[in-house]
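Engineer: My file is coords.cif. It has mmCIF, C-alpha atoms:
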```cif
data_final
#
loop_
_atom_site.label_atom_id
_atom_site.label_comp_id
_atom_site.auth_asym_id
_atom_site.auth_seq_id
_atom_site.Cartn_x
_atom_site.Cartn_y
_atom_site.Cartn_z
CA MET A 1 -67.14 16.85 68.23
CA THR A 2 -65.19 14.06 66.54
CA THR A 3 -64.62 11.11 68.85
CA THR A 4 -61.12 10.06 69.76
CA LEU A 5 -59.55 6.88 68.44
CA ILE A 6 -57.23 6.35 71.40
CA GLU A 7 -58.23 6.23 75.03
CA ALA A 8 -56.62 8.16 77.87
CA ASN A 9 -54.74 5.06 78.99
CA SER A 10 -53.22 4.80 75.51
CA ILE A 11 -51.99 8.39 75.79
CA GLU A 12 -50.52 7.50 79.17
CA SER A 13 -48.81 4.41 77.76
CA LEU A 14 -47.23 6.44 74.96
CA LEU A 15 -45.99 9.01 77.48
CA GLY A 16 -44.43 6.23 79.54
CA LYS A 17 -42.71 7.23 82.77
CA GLU A 18 -43.47 10.92 82.12
CA ALA A 19 -47.24 10.32 81.99
CA GLU A 20 -48.20 11.32 85.53
CA ASP A 21 -45.95 14.36 85.55
CA LEU A 22 -47.07 15.69 82.15
CA LEU A 23 -50.77 15.00 82.66
CA THR A 24 -51.12 16.33 86.22
CA TYR A 25 -48.55 19.13 86.44
CA LYS A 26 -49.82 22.55 87.55
CA ALA A 27 -48.14 25.36 85.64
CA LYS A 28 -46.26 28.13 87.44
CA VAL A 29 -48.09 30.88 85.52
CA SER A 30 -51.85 30.57 85.96
CA ARG A 31 -54.02 29.62 83.00
CA ASP A 32 -56.22 32.54 84.07
CA LEU A 33 -53.73 34.90 82.39
CA LEU A 34 -54.24 33.21 79.01
CA HIS A 35 -56.72 33.44 76.17
CA LEU A 36 -57.31 29.74 75.58
CA PRO A 37 -58.41 27.90 72.43
CA GLY A 38 -62.10 27.12 72.09
CA PRO A 39 -64.96 26.83 69.59
CA ASP A 40 -65.51 30.62 69.74
CA PHE A 41 -61.83 31.55 69.32
CA VAL A 42 -62.25 33.67 66.17
CA ASP A 43 -65.24 35.59 67.55
CA ARG A 44 -63.72 35.99 71.01
CA ILE A 45 -60.23 37.04 69.96
CA TRP A 46 -60.23 38.36 66.41
CA LEU A 47 -63.57 40.11 65.98
CA ASN A 48 -62.31 43.40 67.42
CA SER A 49 -58.93 43.30 65.69
CA ASP A 50 -57.91 45.20 62.54
CA ARG A 51 -58.26 42.04 60.43
CA ASN A 52 -60.82 42.53 57.68
CA PRO A 53 -63.86 40.26 57.18
CA GLN A 54 -62.07 38.22 54.51
CA VAL A 55 -59.25 37.38 56.94
CA LEU A 56 -61.79 36.45 59.60
CA ARG A 57 -63.56 34.18 57.14
CA ASN A 58 -60.33 32.37 56.29
CA LEU A 59 -59.33 32.13 59.96
CA GLN A 60 -62.70 30.54 60.68
CA LEU A 61 -62.19 28.21 57.70
CA LEU A 62 -58.88 26.99 59.16
CA TYR A 63 -60.43 26.44 62.59
CA SER A 64 -63.52 24.73 61.09
CA THR A 65 -61.82 22.08 58.95
CA GLY A 66 -60.80 18.48 59.67
CA ARG A 67 -61.06 16.30 62.77
CA LEU A 68 -60.31 19.25 65.07
CA ALA A 69 -62.99 21.46 63.52
CA ASN A 70 -64.57 23.93 65.94
CA THR A 71 -62.34 23.01 68.88
CA GLY A 72 -59.96 25.97 68.62
CA TYR A 73 -57.07 23.61 67.81
CA LEU A 74 -55.08 23.08 64.62
CA SER A 75 -53.43 20.07 63.03
CA ILE A 76 -51.45 21.03 59.93
CA LEU A 77 -49.32 19.07 57.45
CA PRO A 78 -46.26 21.13 56.36
CA VAL A 79 -44.11 19.94 53.46
CA ASP A 80 -41.55 22.54 52.44
CA GLN A 81 -38.72 20.10 53.10
CA GLY A 82 -38.26 19.51 49.37
CA ILE A 83 -36.46 22.86 49.35
CA GLU A 84 -35.35 23.23 52.96
CA HIS A 85 -33.75 19.77 53.16
CA SER A 86 -33.68 18.79 49.43
CA ALA A 87 -36.28 16.66 47.70
CA GLY A 88 -34.01 13.61 47.83
CA ALA A 89 -33.41 13.78 51.57
CA SER A 90 -37.09 14.45 52.23
CA PHE A 91 -38.85 12.08 49.86
CA ALA A 92 -36.45 9.18 49.33
CA PRO A 93 -37.91 7.40 52.43
CA ASN A 94 -41.32 7.46 50.70
CA PRO A 95 -41.06 8.40 46.98
CA ILE A 96 -44.83 8.79 46.49
CA TYR A 97 -44.43 12.32 47.85
CA PHE A 98 -42.38 13.46 44.89
CA ASP A 99 -45.90 13.74 43.41
CA PRO A 100 -47.51 16.84 44.97
CA GLU A 101 -51.01 15.38 44.81
CA ASN A 102 -50.11 12.76 47.42
CA ILE A 103 -49.13 15.51 49.86
CA VAL A 104 -52.60 17.02 49.62
CA LYS A 105 -54.23 13.58 49.77
CA LEU A 106 -52.36 12.82 53.01
CA ALA A 107 -53.61 16.05 54.61
CA ILE A 108 -57.20 15.32 53.60
CA ALA A 109 -57.13 11.65 54.65
CA SER A 110 -55.58 12.63 57.98
CA GLY A 111 -58.30 15.15 58.80
CA CYS A 112 -55.88 18.08 58.93
CA ASN A 113 -57.10 21.66 59.22
CA ALA A 114 -54.82 22.68 56.36
CA VAL A 115 -51.83 21.76 54.21
CA ALA A 116 -48.79 24.07 54.13
CA THR A 117 -46.34 23.69 51.29
CA THR A 118 -44.68 25.42 48.35
CA LEU A 119 -46.20 27.55 45.61
CA GLY A 120 -45.42 24.93 42.98
CA THR A 121 -46.83 22.01 44.97
CA LEU A 122 -50.17 23.73 45.55
CA GLY A 123 -50.28 25.47 42.20
CA ILE A 124 -50.09 22.28 40.18
CA VAL A 125 -53.16 20.77 41.89
CA SER A 126 -55.03 23.89 42.99
CA ARG A 127 -58.11 23.55 40.77
CA LYS A 128 -58.73 20.04 42.09
CA TYR A 129 -58.16 20.66 45.80
CA ALA A 130 -58.25 24.36 46.79
CA HIS A 131 -61.95 24.06 47.70
CA LYS A 132 -61.48 20.78 49.59
CA ILE A 133 -58.87 21.75 52.19
CA PRO A 134 -57.38 25.14 53.14
CA PHE A 135 -54.10 25.88 51.38
CA ILE A 136 -51.19 27.62 53.14
CA VAL A 137 -48.57 28.80 50.64
CA LYS A 138 -45.07 28.99 52.14
CA ILE A 139 -43.61 32.01 50.36
CA ASN A 140 -39.96 31.90 51.45
CA HIS A 141 -37.40 29.15 51.86
CA ASN A 142 -33.77 28.34 52.58
CA GLU A 143 -32.17 26.38 49.74
CA LEU A 144 -29.12 24.16 50.25
CA LEU A 145 -27.79 23.83 46.70
CA THR A 146 -25.45 26.84 46.89
CA PHE A 147 -21.91 25.86 47.90
CA PRO A 148 -20.89 26.41 50.55
CA ASN A 149 -24.37 26.09 52.04
CA GLN A 150 -25.80 29.35 53.28
CA PHE A 151 -28.70 29.88 55.64
CA ASP A 152 -30.99 32.63 54.44
CA GLN A 153 -34.74 32.64 53.93
CA VAL A 154 -35.48 34.22 50.54
CA LEU A 155 -38.77 34.85 48.78
CA PHE A 156 -39.76 32.15 46.29
CA ALA A 157 -43.29 33.47 45.73
CA ASP A 158 -45.38 36.59 46.20
CA VAL A 159 -48.66 37.00 48.00
CA GLU A 160 -50.69 37.58 44.82
CA GLN A 161 -49.64 34.18 43.49
CA ALA A 162 -50.89 32.55 46.68
CA TRP A 163 -54.19 34.42 46.44
CA ASN A 164 -54.64 33.50 42.77
CA LEU A 165 -54.35 29.76 43.41
CA GLY A 166 -57.00 29.96 46.13
CA ALA A 167 -54.90 29.90 49.30
CA ALA A 168 -56.53 30.68 52.62
CA ALA A 169 -53.19 31.66 54.17
CA VAL A 170 -49.54 32.39 53.54
CA GLY A 171 -46.67 31.15 55.66
CA ALA A 172 -43.12 32.40 56.01
CA THR A 173 -39.98 31.84 58.07
CA ILE A 174 -37.78 34.44 59.70
CA TYR A 175 -34.39 33.39 61.06
CA PHE A 176 -34.38 35.68 64.09
CA GLY A 177 -30.87 36.39 65.33
CA SER A 178 -29.24 35.77 61.95
CA GLU A 179 -27.25 38.35 60.02
CA ASN A 180 -30.09 38.51 57.48
CA SER A 181 -32.93 38.82 59.99
CA THR A 182 -33.46 42.57 59.54
CA ARG A 183 -34.06 42.14 55.80
CA GLN A 184 -36.31 39.14 56.41
CA ILE A 185 -38.39 41.05 58.98
CA LYS A 186 -38.93 43.88 56.50
CA GLU A 187 -39.82 41.51 53.64
CA ILE A 188 -42.25 39.40 55.62
CA SER A 189 -43.84 42.38 57.36
CA GLN A 190 -44.70 43.81 53.94
CA ALA A 191 -45.85 40.43 52.65
CA PHE A 192 -48.13 39.93 55.65
CA LYS A 193 -49.59 43.42 55.18
CA ARG A 194 -50.47 42.55 51.59
CA ALA A 195 -51.83 39.13 52.57
CA HIS A 196 -54.20 40.75 55.05
CA GLU A 197 -55.33 43.25 52.42
CA LEU A 198 -56.26 40.31 50.19
CA GLY A 199 -58.01 38.48 53.03
CA MET A 200 -55.46 35.76 53.76
CA VAL A 201 -54.30 34.48 57.15
CA THR A 202 -50.61 34.87 58.06
CA ILE A 203 -48.51 32.17 59.73
CA LEU A 204 -44.92 32.74 60.83
CA TRP A 205 -42.24 30.14 61.49
CA CYS A 206 -40.34 32.04 64.24
CA TYR A 207 -37.02 30.23 64.12
CA LEU A 208 -33.68 31.23 65.61
CA ARG A 209 -30.44 30.99 63.66
CA ASN A 210 -27.03 32.01 64.99
CA ASN A 211 -23.97 29.95 65.85
CA ALA A 212 -23.69 31.93 69.10
CA PHE A 213 -26.83 30.14 70.30
CA LYS A 214 -24.93 26.84 70.36
CA GLN A 215 -23.01 26.70 73.63
CA ASP A 216 -23.06 24.01 76.33
CA LYS A 217 -26.64 23.42 75.11
CA ASP A 218 -28.49 24.33 71.95
CA TYR A 219 -30.08 27.62 72.94
CA HIS A 220 -31.94 27.76 69.64
CA LEU A 221 -34.46 25.85 71.80
CA ALA A 222 -34.35 28.20 74.81
CA ALA A 223 -37.71 29.41 76.09
CA ASP A 224 -36.56 33.01 76.58
CA LEU A 225 -35.08 33.38 73.09
CA THR A 226 -37.85 31.53 71.25
CA GLY A 227 -40.39 33.44 73.31
CA GLN A 228 -38.91 36.74 72.15
CA ALA A 229 -38.93 35.49 68.55
CA ASN A 230 -42.64 34.75 69.00
CA HIS A 231 -43.19 38.25 70.35
CA LEU A 232 -41.48 39.75 67.30
CA GLY A 233 -43.66 37.55 65.11
CA VAL A 234 -46.96 38.73 66.58
CA THR A 235 -45.67 42.31 66.34
CA ILE A 236 -45.64 42.06 62.53
CA GLU A 237 -49.18 40.64 62.76
CA ALA A 238 -48.72 36.94 62.31
CA ASP A 239 -52.12 35.37 63.02
CA ILE A 240 -50.57 32.03 64.01
CA ILE A 241 -47.06 31.37 65.31
CA LYS A 242 -45.10 28.20 64.61
CA GLN A 243 -42.26 27.47 67.03
CA LYS A 244 -40.10 24.56 68.09
CA LEU A 245 -40.83 23.06 71.49
CA PRO A 246 -38.46 24.61 74.06
CA GLU A 247 -35.97 22.34 75.79
CA THR A 248 -33.93 24.76 77.89
CA ASN A 249 -33.86 28.36 79.10
CA ASN A 250 -31.71 31.44 79.77
CA GLY A 251 -30.27 31.73 76.29
CA TYR A 252 -29.59 35.39 76.98
CA GLY A 253 -27.28 34.51 79.86
CA ALA A 254 -25.54 31.73 77.96
CA VAL A 255 -24.70 33.94 74.99
CA ALA A 256 -23.50 36.76 77.24
CA LYS A 257 -21.32 34.40 79.24
CA ALA A 258 -19.79 32.75 76.17
CA SER A 259 -19.10 36.01 74.35
CA GLY A 260 -18.03 38.04 77.37
CA LYS A 261 -20.36 40.79 76.15
CA SER A 262 -23.80 41.98 77.12
CA TYR A 263 -26.54 40.50 74.98
CA GLY A 264 -30.14 41.58 74.58
CA LYS A 265 -32.43 42.40 77.47
CA THR A 266 -34.15 40.13 79.97
CA ASP A 267 -35.31 40.11 83.58
CA GLU A 268 -34.46 37.66 86.36
CA ARG A 269 -38.17 37.21 87.04
CA VAL A 270 -38.49 35.44 83.69
CA TYR A 271 -36.54 32.58 85.27
CA THR A 272 -37.75 32.78 88.86
CA GLU A 273 -41.43 33.76 88.60
CA LEU A 274 -42.53 32.95 85.05
CA THR A 275 -40.74 29.68 84.29
CA THR A 276 -39.20 26.56 85.74
CA ASP A 277 -37.32 23.83 83.92
CA HIS A 278 -40.58 21.92 83.35
CA PRO A 279 -41.48 21.66 79.63
CA ILE A 280 -45.03 22.88 80.23
CA ASP A 281 -43.75 26.03 81.96
CA LEU A 282 -41.20 26.63 79.22
CA THR A 283 -43.89 26.29 76.55
CA ARG A 284 -46.31 28.48 78.53
CA TYR A 285 -43.70 31.22 78.35
CA GLN A 286 -43.80 30.88 74.56
CA VAL A 287 -47.62 31.21 74.73
CA LEU A 288 -47.33 34.32 76.94
CA ASN A 289 -45.19 35.93 74.26
CA CYS A 290 -47.94 35.27 71.70
CA TYR A 291 -50.02 38.01 73.33
CA SER A 292 -51.00 35.63 76.13
CA GLY A 293 -52.51 33.18 73.67
CA ARG A 294 -54.46 35.67 71.57
CA VAL A 295 -52.27 34.49 68.69
CA GLY A 296 -52.29 30.70 68.53
CA LEU A 297 -49.00 28.87 69.14
CA ILE A 298 -48.48 25.70 67.15
CA ASN A 299 -45.37 23.68 67.91
CA SER A 300 -43.47 21.66 65.32
CA GLY A 301 -43.40 17.87 65.38
CA GLY A 302 -39.68 17.56 64.66
CA ALA A 303 -37.68 15.09 62.59
CA THR A 304 -38.65 11.46 62.22
CA GLY A 305 -37.09 8.87 64.53
CA LYS A 306 -37.59 5.51 66.22
CA ASN A 307 -40.30 6.68 68.64
CA ASP A 308 -42.39 9.01 66.49
CA PHE A 309 -45.76 8.19 68.03
CA ALA A 310 -44.53 8.68 71.59
CA GLU A 311 -42.63 11.86 70.72
CA ALA A 312 -45.60 13.32 68.83
CA VAL A 313 -48.00 12.61 71.70
CA ARG A 314 -45.54 14.11 74.20
CA THR A 315 -45.24 17.30 72.14
CA ALA A 316 -49.02 17.54 71.71
CA VAL A 317 -49.66 17.06 75.44
CA ILE A 318 -47.11 19.73 76.36
CA ASN A 319 -48.46 22.17 73.78
CA LYS A 320 -52.10 21.66 74.79
CA ARG A 321 -51.53 21.76 78.55
CA ALA A 322 -49.36 24.89 78.17
CA GLY A 323 -52.22 26.69 76.38
CA GLY A 324 -51.02 26.22 72.81
CA SER A 325 -53.21 25.78 69.75
CA GLY A 326 -51.95 22.65 68.06
CA LEU A 327 -49.23 20.84 66.20
CA ILE A 328 -47.71 21.08 62.74
CA SER A 329 -46.13 17.76 61.84
CA GLY A 330 -44.30 16.97 58.61
CA ARG A 331 -41.47 14.47 58.38
CA LYS A 332 -42.87 12.21 61.10
CA THR A 333 -45.92 11.68 58.90
CA PHE A 334 -44.89 11.80 55.25
CA GLN A 335 -41.64 9.85 55.65
CA ARG A 336 -43.59 6.71 56.55
CA PRO A 337 -46.20 4.61 54.67
CA PHE A 338 -49.35 6.59 53.86
CA GLU A 339 -51.65 4.78 56.29
CA GLU A 340 -49.11 5.09 59.10
CA GLY A 341 -48.90 8.82 58.42
CA VAL A 342 -52.68 9.07 58.72
CA LYS A 343 -52.57 7.08 61.97
CA LEU A 344 -49.93 9.34 63.45
CA PHE A 345 -51.98 12.43 62.63
CA HIS A 346 -55.04 10.87 64.24
CA THR A 347 -53.00 10.04 67.33
CA ILE A 348 -51.87 13.66 67.62
CA GLN A 349 -55.39 14.97 67.04
CA ASP A 350 -56.78 12.64 69.69
CA VAL A 351 -54.71 14.45 72.32
CA TYR A 352 -56.55 17.68 71.48
CA LEU A 353 -59.91 15.89 71.37
CA SER A 354 -59.38 14.15 74.70
CA PRO A 355 -61.14 15.72 77.72
CA ASP A 356 -58.60 13.97 79.93
CA VAL A 357 -55.77 16.19 78.65
CA THR A 358 -56.55 19.51 80.35
CA ILE A 359 -54.96 22.95 80.48
CA ALA A 360 -52.32 23.00 83.21
#
```
Could you write out this structure as structure tokens?
Structural biologist:
Amino acid sequence: MTTTLIEANSIESLLGKEAEDLLTYKAKVSRDLLHLPGPDFVDRIWLNSDRNPQVLRNLQLLYSTGRLANTGYLSILPVDQGIEHSAGASFAPNPIYFDPENIVKLAIASGCNAVATTLGTLGIVSRKYAHKIPFIVKINHNELLTFPNQFDQVLFADVEQAWNLGAAAVGATIYFGSENSTRQIKEISQAFKRAHELGMVTILWCYLRNNAFKQDKDYHLAADLTGQANHLGVTIEADIIKQKLPETNNGYGAVAKASGKSYGKTDERVYTELTTDHPIDLTRYQVLNCYSGRVGLINSGGATGKNDFAEAVRTAVINKRAGGSGLISGRKTFQRPFEEGVKLFHTIQDVYLSPDVTIA
């Protein structure tokens, strides 16, 4: 196993006053109910599934690449922000990333398991790099050039294009809860079916999108709602789920209260027996909804800010201790100088390599 670059006391110092709580907390739902990451994850979990041998080979490739190789954990660089947030907003802080080759170079230098980005970005450098690091082609996006801005994930690529450029996986986003979610579910379900036929892994960004989710808090980050989005994602056979770290709970109740109408279905035991307000419990509920960890949950690193290293370590610790499978971090890494981006990735990866950060 790759050795860590930061010691346990460095992880504690980055966590600050939350260190003891996050590193020693015992989760409400026992880890014994989960299928946890490990070196044998593909054999233990996927061997008896309906995934064909080509999918299993590419799954193993993802889990066997980079500094986290053969640990059961994933560290992925995603850069679809050139479309999602505009190239100017994304790359002006560090213009070297207007050149797609530098995106791939960052993922390789950082020891990532894979790089996830657009068809064009990977296509223009595929012959040079497709055999050096697993490619994940993001096949749909939300563009913000239409006025007024609209929020709808639409297909920018098809699965055959991803396969032809040598991708190991395809990724997609569904805005669960949006007015377009039914169409998106149908599109991505069909795309994932075809990806599996061709032997590629499927990764789903299970995001929520509805103004009704913004009440006294932003319930786009509620454990119950994001957990259900995860459950819908694994239902259409996503092999890996990407989700934002939860920050609150009882989105069902908040929406019902604000609208004065019944909304969805839940059970009081979700809030009394399966969760608390602790971030590890909230994230464990997300893991439970990923077939109890059979499908790996990777949480997103979030936008860049003043305390990126501390925030990234906090997210990684919560994800790992909850039973998650890793982190996918974009803007925190590529919107800073190249070497700093590499250092941040190594800091995140060291959390997953550290024996002192255990499953809660």
Engineer: Could you list, as a ChimeraX atom specification, every residue within 12 Å of Cys290 in chain A, counting all atoms listed in the file and ignoring same-chain residues fewer than 2 positions away?
Structural biologist: /A:34-36,204,206,226-243,283-288,292-298,323-325
Engineer: Any chance you could resolve the PyMOL selection byres ((chain A and resi 137) around 12) against this file and give the residues as number ranges by chain?
Structural biologist: A: 77-80, 114-123, 126, 130, 134-136, 138-141, 155-173, 195, 200-204
Engineer: Please write as a list in words the full residue list that the PyMOL selection byres ((chain A and resi 270-281) around 8) yields on this file.
Structural biologist: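 Applying the expression gives Leu22, Ala27, Lys28, Val29, Asp224, Pro246, Glu247, Thr248, Asn249, Asn250, Thr266, Asp267, Glu268, Arg269, Leu282, Thr283, Arg284, Tyr285, Ile318, Asn319, Arg321, Ala322 and Ala360 of chain A.
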Engineer: Where does the PyMOL selection byres ((chain A and resi 95-106) around 9) land in this file, that is, which residues does it pick, as an MDAnalysis selection string?
Structural biologist: chainID A and resid 77 79 82 87:88 90:94 107:112 115 117 120:122 124:125 129 133 333:335 338:339 341:342
Engineer: Quick one: 6 Å padding each side, axis-aligned, all listed atoms of range 222-240 of chain A - centre and edge lengths in Å to one decimal, as JSON?
Structural biologist:
```
{"center_x": -43.2, "center_y": 35.3, "center_z": 69.4, "size_x": 29.8, "size_y": 26.1, "size_z": 26.3}
```
Engineer: Point out the residue among A:Leu62, A:Phe147, A:Leu221, A:Leu353 with the least atom-to-atom distance to Lys132 in chain A, counting only C-alpha atoms.
Structural biologist: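 Among the listed residues, the smallest separation from Lys132 in chain A belongs to A:Leu62.
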Engineer: What gap, in Å, lies between CA of Ile359 in chain A and CA of Thr65 in chain A?
Structural biologist: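 Calculated distance between CA of Ile359 in chain A and CA of Thr65 in chain A is 22.6 Å.
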